[in-house]
>>> print(open('entry.tsv').read())   # TSV, C-alpha atoms
chain	number	residue	atom	x	y	z
A	1	VAL	CA	0.00	0.00	0.00
A	2	VAL	CA	1.13	3.55	-0.64
A	3	ASP	CA	0.54	5.84	2.35
A	4	PHE	CA	0.31	9.23	0.65
A	5	GLN	CA	1.31	12.42	2.55
A	6	ALA	CA	-1.18	11.99	5.37
A	7	ASP	CA	0.87	11.73	8.52
A	8	GLU	CA	4.36	10.86	9.75
A	9	GLY	CA	4.24	7.20	8.73
A	10	VAL	CA	2.14	5.93	11.63
A	11	VAL	CA	-0.45	4.34	9.33
A	12	SER	CA	2.28	2.62	7.31
A	13	VAL	CA	3.80	1.21	10.49
A	14	ALA	CA	0.40	0.09	11.83
A	15	PHE	CA	-0.45	-1.60	8.52
A	16	CYS	CA	2.88	-3.43	8.40
A	17	ALA	CA	2.65	-4.48	12.04
A	18	GLN	CA	-0.46	-6.54	11.16
A	19	SER	CA	1.51	-9.03	9.06
A	20	SER	CA	5.08	-9.57	7.99
A	21	LEU	CA	3.69	-9.95	4.45
A	22	ASN	CA	2.40	-6.35	4.40
A	23	SER	CA	4.58	-3.62	2.99
A	24	ALA	CA	4.12	0.10	2.55
A	25	ILE	CA	5.64	2.99	0.67
A	26	PHE	CA	5.35	6.24	2.59
A	27	VAL	CA	5.28	9.47	0.60
A	28	PRO	CA	5.83	12.43	2.96
A	29	PRO	CA	4.36	15.86	2.20
A	30	ASN	CA	5.94	17.83	-0.61
A	31	PRO	CA	8.99	19.87	0.43
A	32	ILE	CA	7.05	23.08	-0.23
A	33	ASP	CA	4.53	21.95	2.42
A	34	ASP	CA	7.31	20.85	4.80
A	35	PRO	CA	9.95	23.58	4.41
A	36	GLU	CA	11.75	22.73	7.66
A	37	GLY	CA	11.69	19.00	6.88
A	38	THR	CA	9.76	18.28	10.10
A	39	PHE	CA	7.40	15.69	8.59
A	40	ARG	CA	10.26	13.94	6.79
A	41	SER	CA	12.35	13.81	9.97
A	42	MET	CA	9.44	12.48	12.02
A	43	ALA	CA	8.66	9.90	9.32
A	44	GLU	CA	12.28	8.73	9.30
A	45	ASN	CA	12.13	8.26	13.08
A	46	ILE	CA	8.69	6.59	13.26
A	47	THR	CA	9.26	4.22	10.34
A	48	SER	CA	12.84	3.30	11.24
A	49	PRO	CA	12.10	-0.18	12.69
A	50	MET	CA	9.90	-1.13	9.74
A	51	ARG	CA	12.40	0.25	7.24
A	52	GLU	CA	15.07	-1.98	8.82
A	53	THR	CA	12.88	-5.05	8.14
A	54	GLY	CA	12.19	-3.80	4.61
A	55	GLN	CA	8.45	-3.49	5.17
A	56	VAL	CA	8.36	0.30	4.85
A	57	ARG	CA	10.13	2.35	2.22
A	58	LEU	CA	10.32	6.15	2.30
A	59	VAL	CA	10.39	7.94	-1.04
A	60	ALA	CA	10.91	11.59	-1.91
A	61	THR	CA	7.83	11.86	-4.13
A	62	ALA	CA	5.25	9.65	-5.80
A	63	ASP	CA	7.42	9.89	-8.93
A	64	ASP	CA	9.70	7.35	-7.17
A	65	ILE	CA	6.95	4.70	-7.34
A	66	ALA	CA	6.80	2.49	-10.43
A	67	ASP	CA	3.68	2.47	-12.58
A	68	ALA	CA	1.05	-0.18	-11.69
A	69	SER	CA	3.19	-1.51	-8.84
A	70	VAL	CA	0.98	-1.32	-5.73
A	71	ASP	CA	-2.27	-2.92	-4.61
A	72	ALA	CA	-3.69	0.21	-2.99
A	73	ILE	CA	-3.06	3.84	-2.16
A	74	LEU	CA	-4.29	5.41	1.07
A	75	LEU	CA	-5.39	9.04	1.00
A	76	ASN	CA	-6.02	9.53	4.71
A	77	ASN	CA	-7.59	12.96	5.35
A	78	ILE	CA	-5.18	14.54	2.86
A	79	LEU	CA	-7.42	15.49	-0.08
A	80	GLY	CA	-9.19	18.28	1.80
A	81	CYS	CA	-5.83	19.90	2.56
A	82	GLN	CA	-4.87	20.28	-1.10
A	83	ALA	CA	-6.28	23.83	-1.54
A	84	THR	CA	-7.64	23.29	-5.07
A	85	LEU	CA	-9.54	20.67	-7.04
A	86	GLU	CA	-6.69	20.76	-9.56
A	87	ASN	CA	-4.35	19.46	-6.85
A	88	VAL	CA	-6.84	16.71	-5.97
A	89	GLU	CA	-7.02	15.87	-9.69
A	90	MET	CA	-3.21	15.46	-9.77
A	91	ILE	CA	-3.35	13.10	-6.77
A	92	ALA	CA	-6.08	11.06	-8.48
A	93	ALA	CA	-3.87	10.85	-11.59
A	94	THR	CA	-0.99	9.65	-9.40
A	95	ALA	CA	-3.25	6.99	-7.88
A	96	GLY	CA	-4.32	5.88	-11.36
A	97	ARG	CA	-0.67	5.58	-12.38
A	98	VAL	CA	0.77	3.67	-9.39
A	99	VAL	CA	-2.11	1.31	-8.49
A	100	LYS	CA	-2.30	-2.04	-10.27
A	101	GLN	CA	-5.27	-2.81	-12.51
A	102	GLY	CA	-8.13	-3.77	-10.16
A	103	GLY	CA	-6.39	-2.11	-7.20
A	104	HIS	CA	-7.92	0.27	-4.70
A	105	VAL	CA	-7.85	3.86	-3.57
A	106	ILE	CA	-8.76	4.18	0.10
A	107	ILE	CA	-10.01	7.68	0.82
A	108	THR	CA	-10.86	9.06	4.22
A	109	VAL	CA	-12.37	12.51	4.57
A	110	PRO	CA	-13.66	14.37	7.61
A	111	ASN	CA	-17.40	14.14	8.10
A	112	ALA	CA	-17.78	17.89	7.95
A	113	HIS	CA	-21.56	17.79	8.28
A	114	GLY	CA	-21.40	15.44	11.26
A	115	GLY	CA	-20.74	18.16	13.84
A	116	GLU	CA	-18.23	17.92	16.66
A	117	PHE	CA	-15.73	15.06	16.94
A	118	SER	CA	-13.20	14.00	19.54
A	119	SER	CA	-10.23	15.28	17.54
A	120	TYR	CA	-11.61	18.02	15.28
A	121	SER	CA	-14.49	20.32	14.47
A	122	CYS	CA	-15.76	21.83	11.23
A	123	SER	CA	-17.57	25.13	10.72
A	124	ASN	CA	-18.73	27.50	7.96
A	125	LEU	CA	-19.93	24.47	6.01
A	126	PRO	CA	-21.08	24.57	2.39
A	127	PRO	CA	-24.11	22.55	1.23
A	128	LYS	CA	-23.49	18.78	1.00
A	129	ASN	CA	-23.30	18.85	-2.82
A	130	ALA	CA	-20.85	21.79	-3.05
A	131	HIS	CA	-17.86	19.77	-4.29
A	132	GLY	CA	-14.76	21.99	-4.21
A	133	SER	CA	-16.13	24.60	-1.80
A	134	THR	CA	-14.22	25.29	1.40
A	135	TYR	CA	-14.97	25.12	5.11
A	136	ASP	CA	-13.07	25.72	8.36
A	137	PHE	CA	-11.32	22.76	9.97
A	138	GLN	CA	-9.81	22.90	13.46
A	139	MET	CA	-8.03	20.21	15.45
A	140	ARG	CA	-9.21	19.95	19.04
A	141	GLY	CA	-6.94	21.86	21.42
A	142	GLU	CA	-5.27	23.87	18.63
A	143	ASP	CA	-5.74	27.56	17.92
A	144	ALA	CA	-5.07	27.35	14.18
A	145	VAL	CA	-8.05	27.07	11.84
A	146	PHE	CA	-7.45	25.67	8.36
A	147	LYS	CA	-9.44	25.91	5.15
A	148	ASN	CA	-10.36	22.46	3.87
A	149	LEU	CA	-11.86	21.54	0.51
A	150	TYR	CA	-15.30	20.02	0.80
A	151	LEU	CA	-15.32	16.88	-1.36
A	152	SER	CA	-18.70	15.35	-2.07
A	153	VAL	CA	-19.23	11.65	-2.68
A	154	LYS	CA	-20.52	12.40	-6.19
A	155	GLY	CA	-17.53	14.64	-6.96
A	156	LEU	CA	-15.02	12.08	-5.69
A	157	ARG	CA	-16.76	9.29	-7.62
A	158	GLU	CA	-16.57	11.27	-10.88
A	159	LEU	CA	-12.98	12.41	-10.30
A	160	PHE	CA	-11.58	8.94	-9.56
A	161	LYS	CA	-13.61	7.34	-12.36
A	162	ARG	CA	-11.71	9.58	-14.81
A	163	HIS	CA	-8.52	7.93	-13.53
A	164	GLY	CA	-9.64	4.33	-13.92
A	165	PHE	CA	-11.39	3.55	-10.63
A	166	ASP	CA	-14.86	2.13	-11.19
A	167	THR	CA	-16.63	2.10	-7.86
A	168	LEU	CA	-16.72	4.33	-4.85
A	169	VAL	CA	-18.06	2.62	-1.78
A	170	GLY	CA	-18.83	4.79	1.22
A	171	THR	CA	-18.28	3.37	4.66
A	172	PRO	CA	-18.93	5.58	7.65
A	173	VAL	CA	-16.21	5.32	10.29
A	174	MET	CA	-17.32	6.00	13.82
A	175	ASP	CA	-15.48	8.76	15.68
A	176	GLN	CA	-14.54	6.58	18.65
>>> encode(input="entry.tsv", output="structure tokens")
Amino acid sequence: VVDFQADEGVVSVAFCAQSSLNSAIFVPPNPIDDPEGTFRSMAENITSPMRETGQVRLVATADDIADASVDAILLNNILGCQATLENVEMIAATAGRVVKQGGHVIITVPNAHGGEFSSYSCSNLPPKNAHGSTYDFQMRGEDAVFKNLYLSVKGLRELFKRHGFDTLVGTPVMDQ
């Protein structure tokens, strides 16, 4: 599985810890989004044990991943942070390039219309069908408020279909 820009490698490590047969490629955020190299440094530290076993590989960018070489790509709460639909389109194209025929894109997005959650809250929400609009996203306990893209199910389905993915199945994930 490719773990794409979502965290510091914790999902890659958790996935690989489930079975010695699992492997992950972790793609840290782009250098422009990590000017001090903080995410990269944290990823190097967190993934170190799994990199020693060969289960996790860190790469500089998705360009370092061969075409049609992975079973799945995980986009864990990262699409809403991309600022524009054009950036989301580029990520979908990357997914279409690196995932094997019949492979999967696993997308998680905040449930913006669901109200308050244990780790975040959303406000200034657009209507549920306003694919590409923005809303305010704030992590619990933090002062900073970020603009997130609102990505509708219909919009995501159409976008990923253009890049070779046939079905989008929605599965609600409980907050706790």
>>> residues_around(input="entry.tsv", residues="Pro127 of chain A", least_positions_apart="2", cutoff="10 Å", atoms="all atoms listed in the file", output="list in words")
His113, Asn124, Leu125, Asn129, Ala130, His131, Ser133, Tyr150 and Ser152 of chain A
>>> atom_distance(input="entry.tsv", atom1="atom CA of Asp136 of chain A", atom2="atom CA of Val88 of chain A")
18.0 Å
>>> atom_distance(input="entry.tsv", atom1="atom CA of Gly141 of chain A", atom2="atom CA of Glu116 of chain A")
12.9 Å
>>> atom_distance(input="entry.tsv", atom1="atom CA of Ala72 of chain A", atom2="atom CA of Ile106 of chain A")
7.1 Å
>>> closest_residue(input="entry.tsv", among="A:Gly103, A:Phe117, A:Gly132, A:Ser19", to="Asp166 of chain A", atoms="all atoms listed in the file")
A:Gly103
>>> residues_near_point(input="entry.tsv", point="(6.7, 18.1, 1.4)", cutoff="9 Å", atoms="only C-alpha atoms", output="NGL selection string")
:A and (5 or 27-35 or 37 or 39-40 or 60-61)
>>> residues_around(input="entry.tsv", residues="Val173 of chain A", least_positions_apart="5", cutoff="10 Å", atoms="all atoms listed in the file", output="list in words")
Thr108, Val109, Pro110 and Asn111 of chain A
>>> decode(input="entry.tsv", residues="segment 36-91 of chain A", atoms="C-alpha atoms", output="compact mmCIF listing (two decimals), in the first residue's frame")
# COMPACT_ATOMS: atom_id res chain seq x y z
CA GLU A 36 11.75 22.73 7.66
CA GLY A 37 11.69 19.00 6.88
CA THR A 38 9.76 18.28 10.10
CA PHE A 39 7.40 15.69 8.59
CA ARG A 40 10.26 13.94 6.79
CA SER A 41 12.35 13.81 9.97
CA MET A 42 9.44 12.48 12.02
CA ALA A 43 8.66 9.90 9.32
CA GLU A 44 12.28 8.73 9.30
CA ASN A 45 12.13 8.26 13.08
CA ILE A 46 8.69 6.59 13.26
CA THR A 47 9.26 4.22 10.34
CA SER A 48 12.84 3.30 11.24
CA PRO A 49 12.10 -0.18 12.69
CA MET A 50 9.90 -1.13 9.74
CA ARG A 51 12.40 0.25 7.24
CA GLU A 52 15.07 -1.98 8.82
CA THR A 53 12.88 -5.05 8.14
CA GLY A 54 12.19 -3.80 4.61
CA GLN A 55 8.45 -3.49 5.17
CA VAL A 56 8.36 0.30 4.85
CA ARG A 57 10.13 2.35 2.22
CA LEU A 58 10.32 6.15 2.30
CA VAL A 59 10.39 7.94 -1.04
CA ALA A 60 10.91 11.59 -1.91
CA THR A 61 7.83 11.86 -4.13
CA ALA A 62 5.25 9.65 -5.80
CA ASP A 63 7.42 9.89 -8.93
CA ASP A 64 9.70 7.35 -7.17
CA ILE A 65 6.95 4.70 -7.34
CA ALA A 66 6.80 2.49 -10.43
CA ASP A 67 3.68 2.47 -12.58
CA ALA A 68 1.05 -0.18 -11.69
CA SER A 69 3.19 -1.51 -8.84
CA VAL A 70 0.98 -1.32 -5.73
CA ASP A 71 -2.27 -2.92 -4.61
CA ALA A 72 -3.69 0.21 -2.99
CA ILE A 73 -3.06 3.84 -2.16
CA LEU A 74 -4.29 5.41 1.07
CA LEU A 75 -5.39 9.04 1.00
CA ASN A 76 -6.02 9.53 4.71
CA ASN A 77 -7.59 12.96 5.35
CA ILE A 78 -5.18 14.54 2.86
CA LEU A 79 -7.42 15.49 -0.08
CA GLY A 80 -9.19 18.28 1.80
CA CYS A 81 -5.83 19.90 2.56
CA GLN A 82 -4.87 20.28 -1.10
CA ALA A 83 -6.28 23.83 -1.54
CA THR A 84 -7.64 23.29 -5.07
CA LEU A 85 -9.54 20.67 -7.04
CA GLU A 86 -6.69 20.76 -9.56
CA ASN A 87 -4.35 19.46 -6.85
CA VAL A 88 -6.84 16.71 -5.97
CA GLU A 89 -7.02 15.87 -9.69
CA MET A 90 -3.21 15.46 -9.77
CA ILE A 91 -3.35 13.10 -6.77
